[in-house]
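Undergrad: Okay, handing you the structure first.
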Amino acid sequence: MNYRHAFHAGNHADVLKHVVLLAVCDALLRKPAPCFALDTHAGRGLYALDADPAQRTGEADAGVGKLLAMPAAGDPCIARYLDAIRACRAAHGEHAYPGSPWLLAHALRAQDRIACCELQPDEAAILKANFRGDPRVAVHQRDGYAALKALLPPRAGDMKPTRGLVLVDPPYEAQLDEFDAALAALRDGLARWPQACYALWYPIKQRRALRPFHRAAAALPAKSALLVELLVRAGDSPLRMNGSGLLLLNPPWQLQATLEPALEALCDVLGEAGAPTPRCEWLKPPG
Ligand SMILES: C[S@@+](CC[C@H](N)C(=O)[O-])C[C@H]1O[C@@H](n2cnc3c(N)ncnc32)[C@H](O)[C@@H]1O
C-alpha cells in the first residue's frame, strides 16, 4: 500500500469527485430525515497544499488552483464547492484542502452520521485526530470494501437512517483488479442497503478500455446508474490519468440535470486543448 493522497489532493480528479459529492449530499438533505454516509477509502480528511507532497507534484495547481483563480463561478455546483474550500481555509489556514470526510462533515447536519474507513495506519491516526471533536463522525481503521458488509445497513442508534450515501474511492494500485473488487463491494452494499446512493470514483486513461467496466456496472442490481466522466485531455494515452469518472447508483432525482452544466463549466476551466466533451449519461435510466 504505497498510495498517499497528499500528493494528489486538489487535482482535477479530486475536483470532479468533490463537486459531485457535495451535489449528491445537498440533494439527499432536501428532506429532514436523518442521513448516513459511509466513506470507504477516506484518506486523512484534510490536506495542506503548501506541504512537500503537494508541492512536489503541483497537481493541485492544475485542479482546484485553476478554479480558485476564476473571477466568479457561474455554475451553482462549482460555487458550492468553492464556498466549501473557503470555509475549510477559514478554519484550517489559507493552503488547506478538504478531503471527502471533511466535505461530508461540512455538508451533513447535526442529525446525520458519517462512518469513515481508512486502512493505512498513519492516515487513519490523522483522520481520527482531525474528527476527534465531532460526535457525528466515526473513524474505523479497517478495509473499506469489507465495511460495505460490516457497516451496512446503518444501525445508528435510534435514528435508523433510511437515506444515505456510500462513497467508494480506492487508490487503484491494483489497476484493473481494483475495478472488480469495487464492483463486488457495490454488489454487497446493494444487497444490504438497496435504497442508498452509491458513488464509485475511477481513473480514466483510455476511455475505450472502460467498456467492460461499464457493462458490468449496468448489470448491478441498482434501480438506476448514472455515469459522470471528465477528461482534461484526449483519452488516448494508456500511460497517464487523462481524466476520471464517477459511477452513481440510485442517484438523487434530477442530479443529472444539475451536474450537466457543472461538467461543461469544469471542462472549460480544467480541460486542455482537445479535451473531449464530458459525459453525464444513464447506463441504466430510472424507472
Ligand atoms: C484516493 S484516496 C482517498 C481520498 C479521499 N476519499 C478524498 O476524496 O479525500 C484512497 C485512500 O484509501 C486508502 N486505502 C487503500 N486501500 C484501502 C482499503 N482496502 N480500505 C480502506 N482504505 C484503503 C489509502 O490509504 C488512501 O488514503
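Each chain in the C-alpha cells gets a letter, A, B, ..., in the order shown, and its residues are numbered from 1; ligands are numbered from 1 in order too.
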List the spatial neighbours of Lys66 in chain A as a PDB file with all heavy atoms, in the first residue's frame - criterion: any atom at most 10 Å away, only C-alpha atoms, same-chain residues fewer than 6 positions off excluded.
TA:
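Below is the file that was written, result-v3.pdb:
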ATOM      1  N   ASN A  11      -6.302  17.784  -7.102  1.00  0.00           N
ATOM      2  CA  ASN A  11      -6.074  17.676  -8.556  1.00  0.00           C
ATOM      3  C   ASN A  11      -7.425  17.594  -9.300  1.00  0.00           C
ATOM      4  O   ASN A  11      -8.493  17.648  -8.679  1.00  0.00           O
ATOM      5  CB  ASN A  11      -5.153  16.481  -8.886  1.00  0.00           C
ATOM      6  CG  ASN A  11      -5.809  15.128  -8.621  1.00  0.00           C
ATOM      7  OD1 ASN A  11      -6.980  15.050  -8.238  1.00  0.00           O
ATOM      8  ND2 ASN A  11      -5.056  14.063  -8.815  1.00  0.00           N
ATOM      9  N   HIS A  12      -7.383  17.468 -10.627  1.00  0.00           N
ATOM     10  CA  HIS A  12      -8.648  17.525 -11.386  1.00  0.00           C
ATOM     11  C   HIS A  12      -9.605  16.411 -10.989  1.00  0.00           C
ATOM     12  O   HIS A  12     -10.835  16.580 -11.003  1.00  0.00           O
ATOM     13  CB  HIS A  12      -8.374  17.521 -12.896  1.00  0.00           C
ATOM     14  CG  HIS A  12      -7.668  16.291 -13.423  1.00  0.00           C
ATOM     15  ND1 HIS A  12      -8.322  15.113 -13.673  1.00  0.00           N
ATOM     16  CD2 HIS A  12      -6.363  16.068 -13.735  1.00  0.00           C
ATOM     17  CE1 HIS A  12      -7.461  14.225 -14.131  1.00  0.00           C
ATOM     18  NE2 HIS A  12      -6.252  14.773 -14.176  1.00  0.00           N
ATOM     19  N   ALA A  60      -2.361  20.120  -7.704  1.00  0.00           N
ATOM     20  CA  ALA A  60      -3.477  20.991  -7.299  1.00  0.00           C
ATOM     21  C   ALA A  60      -3.524  22.272  -8.127  1.00  0.00           C
ATOM     22  O   ALA A  60      -4.602  22.850  -8.331  1.00  0.00           O
ATOM     23  CB  ALA A  60      -3.369  21.319  -5.810  1.00  0.00           C
ATOM     24  N   LEU A 266     -16.648  22.814 -15.752  1.00  0.00           N
ATOM     25  CA  LEU A 266     -15.371  22.257 -15.280  1.00  0.00           C
ATOM     26  C   LEU A 266     -14.441  21.975 -16.456  1.00  0.00           C
ATOM     27  O   LEU A 266     -13.237  22.231 -16.392  1.00  0.00           O
ATOM     28  CB  LEU A 266     -15.606  20.962 -14.493  1.00  0.00           C
ATOM     29  CG  LEU A 266     -16.150  21.101 -13.074  1.00  0.00           C
ATOM     30  CD1 LEU A 266     -16.385  19.725 -12.459  1.00  0.00           C
ATOM     31  CD2 LEU A 266     -15.200  21.909 -12.196  1.00  0.00           C
ATOM     32  N   VAL A 269     -12.719  25.064 -17.751  1.00  0.00           N
ATOM     33  CA  VAL A 269     -11.649  25.608 -16.913  1.00  0.00           C
ATOM     34  C   VAL A 269     -10.463  24.639 -16.823  1.00  0.00           C
ATOM     35  O   VAL A 269      -9.303  25.047 -16.890  1.00  0.00           O
ATOM     36  CB  VAL A 269     -12.175  25.909 -15.480  1.00  0.00           C
ATOM     37  CG1 VAL A 269     -11.065  26.485 -14.612  1.00  0.00           C
ATOM     38  CG2 VAL A 269     -13.343  26.877 -15.540  1.00  0.00           C
ATOM     39  N   LEU A 270     -10.758  23.333 -16.655  1.00  0.00           N
ATOM     40  CA  LEU A 270      -9.683  22.365 -16.383  1.00  0.00           C
ATOM     41  C   LEU A 270      -9.151  21.685 -17.642  1.00  0.00           C
ATOM     42  O   LEU A 270      -8.044  21.130 -17.626  1.00  0.00           O
ATOM     43  CB  LEU A 270     -10.183  21.274 -15.425  1.00  0.00           C
ATOM     44  CG  LEU A 270     -10.709  21.743 -14.054  1.00  0.00           C
ATOM     45  CD1 LEU A 270     -11.197  20.555 -13.238  1.00  0.00           C
ATOM     46  CD2 LEU A 270      -9.623  22.482 -13.290  1.00  0.00           C
TER      47      LEU A 270
END
Undergrad: Kindly provide, as a PyMOL selection string, all nucleotide and amino acid residues lying within 9 Å of ligand 1, counting only C-alpha atoms and all ligand atoms.
TA: chain A and resi 1-6+8-10+14+17-18+39-47+97-103+116-124+140-147+167-173+201
Undergrad: How about saving the chosen residues, N, CA and C atoms kept, as a short mmCIF file (atom, residue, chain, number, x, y, z; two decimals), in the first residue's frame?
TA:
data_model
loop_
_atom_site.label_atom_id
_atom_site.label_comp_id
_atom_site.auth_asym_id
_atom_site.auth_seq_id
_atom_site.Cartn_x
_atom_site.Cartn_y
_atom_site.Cartn_z
N MET A 1 0.84 -1.20 0.00
CA MET A 1 0.00 0.00 0.00
C MET A 1 0.88 1.25 0.00
N ASN A 2 1.25 1.74 -1.18
CA ASN A 2 2.17 2.89 -1.26
C ASN A 2 1.44 4.20 -1.46
N TYR A 3 0.18 4.14 -1.90
CA TYR A 3 -0.53 5.36 -2.30
C TYR A 3 -0.70 6.32 -1.12
N ARG A 4 -0.38 7.60 -1.34
CA ARG A 4 -0.66 8.65 -0.35
C ARG A 4 -1.41 9.78 -1.07
N HIS A 5 -2.59 10.07 -0.57
CA HIS A 5 -3.41 11.06 -1.27
C HIS A 5 -2.85 12.48 -1.18
N ALA A 6 -1.96 12.72 -0.18
CA ALA A 6 -1.38 14.07 -0.02
C ALA A 6 -0.67 14.55 -1.29
N HIS A 8 -1.78 14.09 -4.27
CA HIS A 8 -2.77 14.29 -5.34
C HIS A 8 -3.94 15.18 -4.93
N ALA A 9 -3.98 15.59 -3.66
CA ALA A 9 -5.13 16.36 -3.16
C ALA A 9 -5.34 17.62 -4.01
N GLY A 10 -6.59 17.86 -4.37
CA GLY A 10 -6.94 19.07 -5.11
C GLY A 10 -6.66 18.98 -6.60
N ASP A 14 -9.86 15.06 -7.92
CA ASP A 14 -10.48 15.46 -6.65
C ASP A 14 -11.56 16.51 -6.90
N LYS A 17 -14.66 14.72 -8.22
CA LYS A 17 -15.25 13.89 -7.15
C LYS A 17 -15.93 14.75 -6.09
N HIS A 18 -15.28 15.82 -5.69
CA HIS A 18 -15.79 16.63 -4.58
C HIS A 18 -16.95 17.53 -5.02
N ASP A 39 -17.83 6.50 3.99
CA ASP A 39 -16.69 6.84 3.13
C ASP A 39 -15.70 5.68 3.27
N THR A 40 -15.65 4.78 2.27
CA THR A 40 -14.93 3.52 2.46
C THR A 40 -13.41 3.67 2.37
N HIS A 41 -12.93 4.66 1.62
CA HIS A 41 -11.49 4.90 1.44
C HIS A 41 -11.28 6.39 1.70
N ALA A 42 -11.15 6.74 2.99
CA ALA A 42 -11.36 8.12 3.40
C ALA A 42 -10.13 9.01 3.28
N GLY A 43 -8.93 8.43 3.38
CA GLY A 43 -7.73 9.27 3.46
C GLY A 43 -7.66 9.94 4.83
N ARG A 44 -6.92 11.06 4.92
CA ARG A 44 -6.72 11.71 6.23
C ARG A 44 -7.73 12.81 6.50
N GLY A 45 -8.50 13.19 5.49
CA GLY A 45 -9.62 14.12 5.71
C GLY A 45 -9.30 15.57 5.49
N LEU A 46 -8.00 15.92 5.54
CA LEU A 46 -7.62 17.32 5.43
C LEU A 46 -6.17 17.38 4.93
N TYR A 47 -5.88 18.25 3.97
CA TYR A 47 -4.55 18.31 3.35
C TYR A 47 -4.02 19.74 3.36
N TYR A 97 -6.83 22.04 2.07
CA TYR A 97 -7.74 21.46 1.08
C TYR A 97 -8.52 20.33 1.76
N PRO A 98 -9.85 20.34 1.63
CA PRO A 98 -10.65 19.34 2.34
C PRO A 98 -10.70 18.00 1.61
N GLY A 99 -10.54 16.92 2.35
CA GLY A 99 -10.79 15.60 1.79
C GLY A 99 -12.27 15.26 1.93
N SER A 100 -12.63 14.08 1.39
CA SER A 100 -14.05 13.72 1.39
C SER A 100 -14.66 13.66 2.80
N PRO A 101 -13.94 13.18 3.85
CA PRO A 101 -14.56 13.19 5.19
C PRO A 101 -14.89 14.61 5.66
N TRP A 102 -13.97 15.53 5.38
CA TRP A 102 -14.22 16.92 5.80
C TRP A 102 -15.45 17.47 5.05
N LEU A 103 -15.54 17.20 3.76
CA LEU A 103 -16.67 17.72 2.97
C LEU A 103 -17.99 17.11 3.44
N CYS A 116 -16.17 6.67 8.48
CA CYS A 116 -15.04 6.77 7.56
C CYS A 116 -14.09 5.61 7.80
N CYS A 117 -13.68 4.92 6.73
CA CYS A 117 -12.73 3.81 6.84
C CYS A 117 -11.43 4.19 6.14
N GLU A 118 -10.34 3.86 6.78
CA GLU A 118 -9.02 4.10 6.18
C GLU A 118 -8.12 2.98 6.68
N LEU A 119 -7.45 2.28 5.75
CA LEU A 119 -6.67 1.10 6.11
C LEU A 119 -5.25 1.45 6.55
N GLN A 120 -4.66 2.48 5.95
CA GLN A 120 -3.26 2.82 6.23
C GLN A 120 -3.18 3.42 7.65
N PRO A 121 -2.37 2.80 8.56
CA PRO A 121 -2.43 3.22 9.97
C PRO A 121 -2.12 4.70 10.22
N ASP A 122 -1.08 5.25 9.54
CA ASP A 122 -0.73 6.67 9.80
C ASP A 122 -1.86 7.59 9.34
N GLU A 123 -2.41 7.29 8.16
CA GLU A 123 -3.50 8.14 7.64
C GLU A 123 -4.72 8.03 8.56
N ALA A 124 -5.00 6.81 9.03
CA ALA A 124 -6.17 6.62 9.90
C ALA A 124 -5.99 7.38 11.21
N HIS A 140 -12.89 4.34 11.37
CA HIS A 140 -12.52 2.93 11.52
C HIS A 140 -11.24 2.67 10.75
N GLN A 141 -10.22 2.14 11.44
CA GLN A 141 -9.04 1.71 10.69
C GLN A 141 -9.30 0.28 10.24
N ARG A 142 -9.79 0.15 9.00
CA ARG A 142 -10.18 -1.18 8.51
C ARG A 142 -10.33 -1.14 6.99
N ASP A 143 -10.50 -2.31 6.42
CA ASP A 143 -10.69 -2.42 4.97
C ASP A 143 -12.06 -1.85 4.58
N GLY A 144 -12.05 -0.89 3.69
CA GLY A 144 -13.28 -0.22 3.28
C GLY A 144 -14.23 -1.12 2.51
N TYR A 145 -13.68 -2.05 1.73
CA TYR A 145 -14.57 -2.95 0.99
C TYR A 145 -15.36 -3.85 1.95
N ALA A 146 -14.65 -4.38 2.96
CA ALA A 146 -15.33 -5.25 3.93
C ALA A 146 -16.37 -4.46 4.72
N ALA A 147 -16.14 -3.14 4.83
CA ALA A 147 -17.09 -2.30 5.59
C ALA A 147 -18.46 -2.24 4.94
N LEU A 167 -19.59 6.42 -0.46
CA LEU A 167 -18.53 6.83 -1.40
C LEU A 167 -17.44 5.77 -1.38
N VAL A 168 -17.11 5.26 -2.56
CA VAL A 168 -16.04 4.24 -2.70
C VAL A 168 -14.95 4.88 -3.57
N ASP A 169 -13.81 5.15 -2.96
CA ASP A 169 -12.77 5.94 -3.64
C ASP A 169 -11.41 5.28 -3.47
N PRO A 170 -11.23 4.09 -4.07
CA PRO A 170 -9.98 3.34 -3.86
C PRO A 170 -8.83 3.95 -4.65
N PRO A 171 -7.58 3.56 -4.29
CA PRO A 171 -6.42 4.15 -4.97
C PRO A 171 -6.08 3.51 -6.32
N TYR A 172 -6.68 2.39 -6.68
CA TYR A 172 -6.44 1.70 -7.96
C TYR A 172 -4.96 1.30 -8.12
N GLU A 173 -4.31 0.98 -6.99
CA GLU A 173 -2.94 0.45 -7.10
C GLU A 173 -2.96 -0.91 -7.77
N TRP A 201 -15.68 6.23 -7.53
CA TRP A 201 -14.76 7.03 -8.35
C TRP A 201 -13.82 6.09 -9.10
#
Undergrad: Just give me the gap between CA of Val232 in chain A and CA of His92 in chain A in Å, one decimal is fine.
TA: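 CA of Val232 in chain A sits 29.3 Å away from CA of His92 in chain A.
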Undergrad: For Leu29 in chain A, which of A:Leu263, A:Ala138, A:Ala107, A:Leu16 is the closest residue, counting only C-alpha atoms?
TA: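 Residue with the minimum atom-to-atom distance to Leu29 in chain A: A:Ala107.
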Undergrad: Do you have the CA of Lys149 in chain A-CA of Gly189 in chain A distance handy?
TA: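 Between CA of Lys149 in chain A and CA of Gly189 in chain A the gap works out to 6.4 Å.
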Undergrad: When you look at Leu255 in chain A with a cut-off of 10 Å (counting only C-alpha atoms), what residues show up, excluding the ones that are within fewer than 5 positions of it in the same chain? I need them as a compact mmCIF listing (two decimals) with all heavy atoms, in the first residue's frame.
TA:
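For reference, out_13.txt as written:
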# COMPACT_ATOMS: atom_id res chain seq x y z
N VAL A 20 -19.15 16.61 -7.29
CA VAL A 20 -20.28 15.67 -7.37
C VAL A 20 -20.72 15.25 -5.96
O VAL A 20 -21.93 15.17 -5.67
CB VAL A 20 -19.89 14.43 -8.23
CG1 VAL A 20 -20.97 13.36 -8.16
CG2 VAL A 20 -19.64 14.86 -9.68
N ALA A 23 -22.88 17.88 -4.46
CA ALA A 23 -24.19 17.94 -5.14
C ALA A 23 -25.09 16.79 -4.68
O ALA A 23 -26.30 16.97 -4.47
CB ALA A 23 -24.00 17.90 -6.66
N VAL A 24 -24.51 15.60 -4.50
CA VAL A 24 -25.29 14.45 -4.02
C VAL A 24 -25.77 14.72 -2.59
O VAL A 24 -26.95 14.51 -2.26
CB VAL A 24 -24.48 13.15 -4.10
CG1 VAL A 24 -25.19 12.01 -3.39
CG2 VAL A 24 -24.19 12.77 -5.55
N ALA A 27 -28.62 17.19 -2.46
CA ALA A 27 -29.88 16.62 -2.93
C ALA A 27 -30.48 15.69 -1.87
O ALA A 27 -31.70 15.70 -1.64
CB ALA A 27 -29.65 15.86 -4.23
N LEU A 226 -25.94 6.19 -13.21
CA LEU A 226 -25.54 7.37 -13.99
C LEU A 226 -24.01 7.40 -14.07
O LEU A 226 -23.33 7.15 -13.06
CB LEU A 226 -26.05 8.62 -13.27
CG LEU A 226 -25.80 9.98 -13.92
CD1 LEU A 226 -26.61 10.12 -15.22
CD2 LEU A 226 -26.21 11.12 -12.96
N LEU A 248 -22.58 6.47 -10.44
CA LEU A 248 -23.54 6.80 -9.38
C LEU A 248 -24.72 5.85 -9.49
O LEU A 248 -25.45 5.86 -10.50
CB LEU A 248 -24.01 8.25 -9.55
CG LEU A 248 -22.92 9.31 -9.36
CD1 LEU A 248 -23.33 10.64 -9.95
CD2 LEU A 248 -22.60 9.47 -7.88
N GLU A 260 -24.97 18.33 -15.38
CA GLU A 260 -24.56 18.54 -16.79
C GLU A 260 -23.87 19.90 -17.00
O GLU A 260 -22.76 19.96 -17.54
CB GLU A 260 -25.76 18.38 -17.72
CG GLU A 260 -25.77 17.00 -18.34
CD GLU A 260 -27.00 16.73 -19.18
OE1 GLU A 260 -27.95 17.53 -19.16
OE2 GLU A 260 -26.98 15.69 -19.85
N CYS A 280 -22.33 12.80 -19.05
CA CYS A 280 -23.21 12.66 -17.89
C CYS A 280 -24.43 11.91 -18.42
O CYS A 280 -25.38 12.52 -18.90
CB CYS A 280 -23.57 14.04 -17.35
SG CYS A 280 -24.53 13.98 -15.83
Undergrad: Could you please determine the separation between CA of Arg233 in chain A and CA of Thr57 in chain A in Å, to one decimal place?
TA: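 Those two atoms sit 18.0 Å apart.
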Undergrad: Could you check which of A:Pro278, A:Pro203, A:Pro221, A:Pro32 is closest to Leu239 in chain A, using only C-alpha atoms?
TA: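 Looking only at the distances to Leu239 in chain A, the closest residue turns out to be A:Pro203.
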Undergrad: Run DSSP on the backbone and grab whatever in range 121-159 of chain A lands in alpha helix (DSSP H); send it over as a PDB file with C-alpha atoms, in the first residue's frame.
TA:
ATOM      1  CA  PRO A 121      -2.427   3.220   9.974  1.00  0.00           C
ATOM      2  CA  ASP A 122      -0.730   6.667   9.797  1.00  0.00           C
ATOM      3  CA  GLU A 123      -3.503   8.137   7.641  1.00  0.00           C
ATOM      4  CA  ALA A 124      -6.171   6.615   9.904  1.00  0.00           C
ATOM      5  CA  ALA A 125      -4.499   8.133  13.006  1.00  0.00           C
ATOM      6  CA  ILE A 126      -4.504  11.611  11.411  1.00  0.00           C
ATOM      7  CA  LEU A 127      -8.115  11.135  10.296  1.00  0.00           C
ATOM      8  CA  LYS A 128      -9.125  10.204  13.860  1.00  0.00           C
ATOM      9  CA  ALA A 129      -7.330  13.264  15.246  1.00  0.00           C
ATOM     10  CA  ASN A 130      -8.998  15.539  12.683  1.00  0.00           C
ATOM     11  CA  GLY A 144     -13.280  -0.218   3.283  1.00  0.00           C
ATOM     12  CA  TYR A 145     -14.573  -2.952   0.987  1.00  0.00           C
ATOM     13  CA  ALA A 146     -15.326  -5.248   3.926  1.00  0.00           C
ATOM     14  CA  ALA A 147     -17.086  -2.301   5.594  1.00  0.00           C
ATOM     15  CA  LEU A 148     -19.851  -2.456   2.990  1.00  0.00           C
ATOM     16  CA  LYS A 149     -20.773  -5.794   4.562  1.00  0.00           C
ATOM     17  CA  ALA A 150     -19.978  -4.925   8.174  1.00  0.00           C
TER      18      ALA A 150
END
Undergrad: Set the distance at 9 Å and use only C-alpha atoms: which residues neighbour Ala275 in chain A once local chain neighbours fewer than 2 positions away are removed? I'd like the list as a PyMOL selection string.
TA: chain A and resi 230-235+267+271-273+277-278
Undergrad: How would the residues just chosen look if you wrote them out with N, CA and C atoms as a CSV table (one decimal), in the first residue's frame?
TA:
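Generated file (result_28.csv):
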chain,number,residue,atom,x,y,z
A,230,LEU,N,-15.1,13.1,-16.8
A,230,LEU,CA,-14.5,14.4,-17.2
A,230,LEU,C,-13.1,14.1,-17.6
A,231,LEU,N,-12.7,14.3,-18.9
A,231,LEU,CA,-11.3,14.1,-19.3
A,231,LEU,C,-10.7,15.5,-19.5
A,232,VAL,N,-9.5,15.7,-19.0
A,232,VAL,CA,-8.9,17.0,-19.1
A,232,VAL,C,-8.0,17.1,-20.4
A,233,ARG,N,-7.8,15.9,-21.0
A,233,ARG,CA,-7.1,15.9,-22.3
A,233,ARG,C,-7.6,14.6,-23.0
A,234,ALA,N,-7.2,14.5,-24.3
A,234,ALA,CA,-7.7,13.4,-25.1
A,234,ALA,C,-7.4,12.1,-24.4
A,235,GLY,N,-8.3,11.2,-24.3
A,235,GLY,CA,-8.2,9.9,-23.5
A,235,GLY,C,-7.5,8.8,-24.4
A,267,CYS,N,-15.0,21.5,-17.5
A,267,CYS,CA,-14.2,21.1,-18.7
A,267,CYS,C,-13.6,22.4,-19.3
A,271,GLY,N,-9.9,21.7,-18.7
A,271,GLY,CA,-9.6,20.9,-19.9
A,271,GLY,C,-8.5,21.6,-20.7
A,272,GLU,N,-7.6,20.8,-21.2
A,272,GLU,CA,-6.5,21.3,-22.2
A,272,GLU,C,-7.1,21.3,-23.6
A,273,ALA,N,-6.4,21.9,-24.5
A,273,ALA,CA,-6.9,21.9,-25.9
A,273,ALA,C,-7.1,20.4,-26.4
A,277,THR,N,-15.7,16.2,-25.0
A,277,THR,CA,-16.9,16.7,-24.2
A,277,THR,C,-17.1,15.8,-23.0
A,278,PRO,N,-17.4,16.3,-21.9
A,278,PRO,CA,-17.7,15.5,-20.7
A,278,PRO,C,-19.0,14.6,-20.9
Undergrad: Residues at most 7 Å from Arg163 in chain A, counting only C-alpha atoms, excluding those fewer than 4 positions away in the same chain, as a list in words?
TA: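 The contact residues come out as Pro34, Cys35, Phe36 and Ala196 of chain A.
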Undergrad: Restrict the selected residues to all heavy atoms and save them as a PDB file, in the first residue's frame.
TA:
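Output (result07.pdb):
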ATOM      1  N   PRO A  34     -33.004  11.754   8.853  1.00  0.00           N
ATOM      2  CA  PRO A  34     -31.563  11.629   9.061  1.00  0.00           C
ATOM      3  C   PRO A  34     -30.888  10.849   7.947  1.00  0.00           C
ATOM      4  O   PRO A  34     -31.488   9.969   7.328  1.00  0.00           O
ATOM      5  CB  PRO A  34     -31.439  10.888  10.392  1.00  0.00           C
ATOM      6  CG  PRO A  34     -32.787  10.483  10.797  1.00  0.00           C
ATOM      7  CD  PRO A  34     -33.807  11.114   9.903  1.00  0.00           C
ATOM      8  N   CYS A  35     -29.660  11.189   7.707  1.00  0.00           N
ATOM      9  CA  CYS A  35     -28.868  10.596   6.626  1.00  0.00           C
ATOM     10  C   CYS A  35     -27.640   9.904   7.198  1.00  0.00           C
ATOM     11  O   CYS A  35     -27.116  10.333   8.234  1.00  0.00           O
ATOM     12  CB  CYS A  35     -28.339  11.730   5.759  1.00  0.00           C
ATOM     13  SG  CYS A  35     -28.987  11.729   4.132  1.00  0.00           S
ATOM     14  N   PHE A  36     -27.169   8.874   6.511  1.00  0.00           N
ATOM     15  CA  PHE A  36     -25.931   8.204   6.910  1.00  0.00           C
ATOM     16  C   PHE A  36     -24.993   8.182   5.707  1.00  0.00           C
ATOM     17  O   PHE A  36     -25.432   7.863   4.592  1.00  0.00           O
ATOM     18  CB  PHE A  36     -26.242   6.763   7.348  1.00  0.00           C
ATOM     19  CG  PHE A  36     -25.020   5.946   7.671  1.00  0.00           C
ATOM     20  CD1 PHE A  36     -24.338   6.126   8.865  1.00  0.00           C
ATOM     21  CD2 PHE A  36     -24.552   4.984   6.779  1.00  0.00           C
ATOM     22  CE1 PHE A  36     -23.210   5.368   9.173  1.00  0.00           C
ATOM     23  CE2 PHE A  36     -23.429   4.220   7.081  1.00  0.00           C
ATOM     24  CZ  PHE A  36     -22.759   4.414   8.283  1.00  0.00           C
ATOM     25  N   ALA A 196     -29.807   3.117  -0.847  1.00  0.00           N
ATOM     26  CA  ALA A 196     -28.775   4.166  -0.731  1.00  0.00           C
ATOM     27  C   ALA A 196     -28.260   4.575  -2.106  1.00  0.00           C
ATOM     28  O   ALA A 196     -28.397   3.839  -3.087  1.00  0.00           O
ATOM     29  CB  ALA A 196     -27.617   3.651   0.119  1.00  0.00           C
TER      30      ALA A 196
END
Undergrad: Let me make sure I understand: among A:Lys160, A:Pro252, A:Cys25, A:Leu220, which one has the smallest atom-to-atom distance to Cys77 in chain A if we use only C-alpha atoms?
TA: A:Cys25
Undergrad: Considering only C-alpha atoms, state which residue in the set A:Arg86, A:Arg211, A:Arg109, A:Lys31 is at the smallest distance from Leu283 in chain A.
TA: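 Looking at the shortest contact to Leu283 in chain A, the residue is A:Arg211.
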Undergrad: Taking only C-alpha atoms into account, which of A:Ala33, A:Ala73, A:Leu68, A:Ile204 comes nearest Asn242 in chain A?
TA: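 Checking each candidate against Asn242 in chain A, we get A:Ile204 as the closest.
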Undergrad: Can you tell me, as a list in words, which residues in range 143-186 of chain A count as strand (DSSP E) by DSSP?
TA: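 Going through range 143-186 of chain A, the strand (DSSP E) residues come out as Arg163, Gly164, Leu165, Val166, Leu167 and Val168 of chain A.
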Undergrad: How about saving the chosen residues, N, CA, C and O atoms kept, as a PDB file, in the first residue's frame?
TA:
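result00.pdb written:
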ATOM      1  N   ARG A 163     -32.040   7.257   4.416  1.00  0.00           N
ATOM      2  CA  ARG A 163     -31.398   7.884   3.267  1.00  0.00           C
ATOM      3  C   ARG A 163     -29.893   7.895   3.497  1.00  0.00           C
ATOM      4  O   ARG A 163     -29.429   7.997   4.627  1.00  0.00           O
ATOM      5  N   GLY A 164     -29.155   7.829   2.411  1.00  0.00           N
ATOM      6  CA  GLY A 164     -27.719   7.901   2.620  1.00  0.00           C
ATOM      7  C   GLY A 164     -26.895   7.708   1.379  1.00  0.00           C
ATOM      8  O   GLY A 164     -27.416   7.480   0.272  1.00  0.00           O
ATOM      9  N   LEU A 165     -25.590   7.781   1.614  1.00  0.00           N
ATOM     10  CA  LEU A 165     -24.615   7.803   0.540  1.00  0.00           C
ATOM     11  C   LEU A 165     -23.429   6.938   0.921  1.00  0.00           C
ATOM     12  O   LEU A 165     -22.975   6.974   2.074  1.00  0.00           O
ATOM     13  N   VAL A 166     -22.931   6.170  -0.028  1.00  0.00           N
ATOM     14  CA  VAL A 166     -21.704   5.403   0.170  1.00  0.00           C
ATOM     15  C   VAL A 166     -20.713   5.859  -0.900  1.00  0.00           C
ATOM     16  O   VAL A 166     -20.994   5.737  -2.101  1.00  0.00           O
ATOM     17  N   LEU A 167     -19.586   6.421  -0.462  1.00  0.00           N
ATOM     18  CA  LEU A 167     -18.530   6.832  -1.396  1.00  0.00           C
ATOM     19  C   LEU A 167     -17.437   5.771  -1.384  1.00  0.00           C
ATOM     20  O   LEU A 167     -16.911   5.432  -0.318  1.00  0.00           O
ATOM     21  N   VAL A 168     -17.109   5.256  -2.564  1.00  0.00           N
ATOM     22  CA  VAL A 168     -16.043   4.245  -2.700  1.00  0.00           C
ATOM     23  C   VAL A 168     -14.954   4.876  -3.574  1.00  0.00           C
ATOM     24  O   VAL A 168     -15.168   5.117  -4.769  1.00  0.00           O
TER      25      VAL A 168
END
Undergrad: Hey, which of A:Asp268, A:Glu94, A:Glu229, A:Asp75 ends up closest to Glu281 in chain A? Count only C-alpha atoms.
TA: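 Closest residue, counting only C-alpha atoms: A:Glu229.
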